[in-house]
Amino acid sequence: MSSLWLTPIVIDEKEQMVTLLKDRLELRPAEIADRFLALLKSVHPRLLVTFKANLMLSEEFELACGVDELPFELASEGPVVFGQGGLELSHCAQAYLDRLPAVKEMDDWLNIAAAKIADTREDDIIHQWVHTMVRWHKQGYAVTLLKEEN
């Protein structure tokens, strides 16, 4: 079984650091997560692309790109830091992060997603997830979806 984690990320190119912030959200139940992802794909296929968490670590951590057991858990309460003083980011993960949508694209796509759910109740979980993405984006964070194998 796997878990999907909506994750805010700070990418500091100057310091060559990537931080998965502690405010990660597990998308569950699965059927609602599927509806959420379908909504986002209807806006644009690249709005939120899944990346496997076990591919985040450098190849030097394991001989291949990816490991069976991670030295971090997305369910943990703290941030996960890659770069100086932290874990080493894989080339796979760096390539993925380099292809995240630009700020303007995310602005446009998140506005469309918010408009599509405007008629839903604020306590609807999909409404909350979209608005969480909007809030993180406005705070200057990149937003990604990490898949963790359990």
# chains A, B, ... in the order shown; residues from 1 in each chain; ligands from 1
>>> residues_around(residues="Gly140 in chain A", least_positions_apart="5", cutoff="9 Å", atoms="only C-alpha atoms", output="PDB file with all heavy atoms, in the first residue's frame")
ATOM      1  N   VAL A  10      10.774  24.116   0.007  1.00  0.00           N
ATOM      2  CA  VAL A  10      11.603  25.300  -0.170  1.00  0.00           C
ATOM      3  C   VAL A  10      12.811  24.854  -0.975  1.00  0.00           C
ATOM      4  O   VAL A  10      13.520  23.919  -0.584  1.00  0.00           O
ATOM      5  CB  VAL A  10      12.060  25.896   1.176  1.00  0.00           C
ATOM      6  CG1 VAL A  10      13.066  27.016   0.953  1.00  0.00           C
ATOM      7  CG2 VAL A  10      10.874  26.393   1.975  1.00  0.00           C
ATOM      8  N   VAL A 103       6.298  29.820 -11.418  1.00  0.00           N
ATOM      9  CA  VAL A 103       5.404  30.563 -10.518  1.00  0.00           C
ATOM     10  C   VAL A 103       4.159  31.051 -11.252  1.00  0.00           C
ATOM     11  O   VAL A 103       3.035  30.889 -10.767  1.00  0.00           O
ATOM     12  CB  VAL A 103       6.160  31.751  -9.866  1.00  0.00           C
ATOM     13  CG1 VAL A 103       5.213  32.641  -9.088  1.00  0.00           C
ATOM     14  CG2 VAL A 103       7.273  31.238  -8.967  1.00  0.00           C
ATOM     15  N   ARG A 135      -2.369  28.558  -0.589  1.00  0.00           N
ATOM     16  CA  ARG A 135      -1.692  29.237   0.523  1.00  0.00           C
ATOM     17  C   ARG A 135      -0.187  28.987   0.476  1.00  0.00           C
ATOM     18  O   ARG A 135       0.614  29.924   0.595  1.00  0.00           O
ATOM     19  CB  ARG A 135      -2.273  28.757   1.856  1.00  0.00           C
ATOM     20  CG  ARG A 135      -1.636  29.412   3.078  1.00  0.00           C
ATOM     21  CD  ARG A 135      -2.346  29.062   4.374  1.00  0.00           C
ATOM     22  NE  ARG A 135      -2.753  27.692   4.500  1.00  0.00           N
ATOM     23  CZ  ARG A 135      -1.988  26.712   4.995  1.00  0.00           C
ATOM     24  NH1 ARG A 135      -0.762  26.965   5.400  1.00  0.00           N
ATOM     25  NH2 ARG A 135      -2.454  25.474   5.098  1.00  0.00           N
TER      26      ARG A 135
END
>>> select_by_dssp(residues="chain A", states="strand (DSSP E or B)", output="PyMOL selection string")
chain A and resi 2-12+17-20+25-26+50-52+57+80-82+87+89+142-149
>>> closest_residue(among="A:Val80, A:Cys92, A:Leu47, A:Leu146", to="Ala113 in chain A", atoms="only C-alpha atoms")
A:Leu47
>>> closest_residue(among="A:Ala33, A:Leu27, A:Leu39, A:Leu110", to="Trp136 in chain A", atoms="only C-alpha atoms")
A:Leu110
>>> residues_around(residues="Val130 in chain A", least_positions_apart="6", cutoff="12 Å", atoms="only C-alpha atoms", output="PyMOL selection string")
chain A and resi 6+25+27+33+35-37+39-40+43+47-48+106+109-118+120+122-124+136-137+143
>>> write_last_selection(atoms="N, CA and C atoms", output="compact mmCIF listing (two decimals), in the first residue's frame")
# COMPACT_ATOMS: atom_id res chain seq x y z
N LEU A 6 0.84 15.55 -0.01
CA LEU A 6 0.90 16.90 -0.55
C LEU A 6 1.96 17.63 0.27
N LEU A 25 0.69 16.98 4.02
CA LEU A 25 -0.65 16.44 4.24
C LEU A 25 -0.78 15.10 3.52
N LEU A 27 -2.93 12.55 1.69
CA LEU A 27 -4.19 12.61 0.97
C LEU A 27 -4.94 11.29 1.18
N ALA A 33 -8.80 11.31 -2.66
CA ALA A 33 -7.52 11.70 -3.25
C ALA A 33 -7.57 11.54 -4.77
N ARG A 35 -10.23 11.77 -6.67
CA ARG A 35 -11.06 12.86 -7.20
C ARG A 35 -10.29 14.18 -7.22
N PHE A 36 -9.52 14.42 -6.18
CA PHE A 36 -8.68 15.62 -6.09
C PHE A 36 -7.67 15.65 -7.23
N LEU A 37 -6.99 14.53 -7.46
CA LEU A 37 -6.00 14.47 -8.53
C LEU A 37 -6.65 14.61 -9.90
N LEU A 39 -9.35 16.35 -10.53
CA LEU A 39 -9.64 17.79 -10.64
C LEU A 39 -8.41 18.55 -11.11
N LEU A 40 -7.27 18.29 -10.47
CA LEU A 40 -6.04 19.01 -10.82
C LEU A 40 -5.58 18.68 -12.24
N VAL A 43 -7.32 20.61 -14.85
CA VAL A 43 -6.80 21.98 -15.01
C VAL A 43 -5.57 21.95 -15.91
N LEU A 47 0.07 20.17 -13.23
CA LEU A 47 -0.19 20.96 -12.02
C LEU A 47 0.37 20.28 -10.77
N LEU A 48 0.19 18.99 -10.65
CA LEU A 48 0.70 18.25 -9.49
C LEU A 48 1.10 16.85 -9.95
N MET A 106 1.79 28.16 -12.03
CA MET A 106 1.08 27.73 -10.82
C MET A 106 0.01 28.72 -10.43
N TRP A 109 -2.89 28.12 -12.89
CA TRP A 109 -3.53 26.81 -12.72
C TRP A 109 -4.26 26.71 -11.38
N LEU A 110 -3.66 27.26 -10.32
CA LEU A 110 -4.33 27.21 -9.01
C LEU A 110 -5.57 28.08 -8.99
N ASN A 111 -5.54 29.20 -9.70
CA ASN A 111 -6.74 30.04 -9.80
C ASN A 111 -7.87 29.29 -10.49
N ILE A 112 -7.54 28.54 -11.54
CA ILE A 112 -8.55 27.75 -12.24
C ILE A 112 -9.08 26.65 -11.32
N ALA A 113 -8.19 25.97 -10.61
CA ALA A 113 -8.62 24.91 -9.69
C ALA A 113 -9.52 25.48 -8.60
N ALA A 114 -9.17 26.63 -8.06
CA ALA A 114 -9.99 27.27 -7.02
C ALA A 114 -11.36 27.66 -7.56
N ALA A 115 -11.39 28.12 -8.80
CA ALA A 115 -12.68 28.47 -9.41
C ALA A 115 -13.55 27.22 -9.60
N LYS A 116 -12.92 26.11 -9.93
CA LYS A 116 -13.68 24.87 -10.15
C LYS A 116 -14.32 24.34 -8.86
N ILE A 117 -13.73 24.66 -7.71
CA ILE A 117 -14.28 24.16 -6.45
C ILE A 117 -14.99 25.27 -5.66
N ALA A 118 -15.19 26.41 -6.29
CA ALA A 118 -15.78 27.56 -5.60
C ALA A 118 -17.16 27.26 -5.03
N THR A 120 -18.13 24.44 -3.75
CA THR A 120 -18.12 23.40 -2.73
C THR A 120 -18.04 24.02 -1.34
N GLU A 122 -16.66 24.79 2.37
CA GLU A 122 -15.30 24.98 2.86
C GLU A 122 -14.81 23.80 3.69
N ASP A 123 -15.72 23.02 4.24
CA ASP A 123 -15.28 21.86 5.02
C ASP A 123 -15.07 20.63 4.14
N ASP A 124 -15.32 20.76 2.83
CA ASP A 124 -15.03 19.68 1.89
C ASP A 124 -13.51 19.52 1.81
N TRP A 136 0.22 27.72 0.29
CA TRP A 136 1.65 27.42 0.22
C TRP A 136 2.31 28.14 -0.94
N HIS A 137 1.63 28.14 -2.09
CA HIS A 137 2.19 28.82 -3.26
C HIS A 137 2.36 30.32 -2.99
N VAL A 143 5.09 23.25 -4.56
CA VAL A 143 4.17 22.24 -4.05
C VAL A 143 4.34 20.98 -4.89
>>> closest_residue(among="A:Thr144, A:Leu97, A:Asp107, A:Pro79", to="Lys22 in chain A", atoms="only C-alpha atoms")
A:Pro79
>>> atom_distance(atom1="CA of Leu4 in chain A", atom2="CA of Met56 in chain A")
14.6 Å
>>> select_by_dssp(residues="range 38-99 of chain A", states="helix (DSSP H, G or I)", output="list of chain:residue names")
A:Ala38, A:Leu39, A:Leu40, A:Lys41, A:Ser42, A:Val43, A:Ala53, A:Asn54, A:Leu55, A:His91, A:Cys92, A:Ala93, A:Gln94, A:Ala95, A:Tyr96, A:Leu97, A:Asp98
>>> closest_residue(among="A:Ser42, A:Gln94, A:Ser58, A:Ser76", to="Ile11 in chain A", atoms="only C-alpha atoms")
A:Gln94
>>> atom_distance(atom1="CA of Lys147 in chain A", atom2="CA of Phe72 in chain A")
13.2 Å
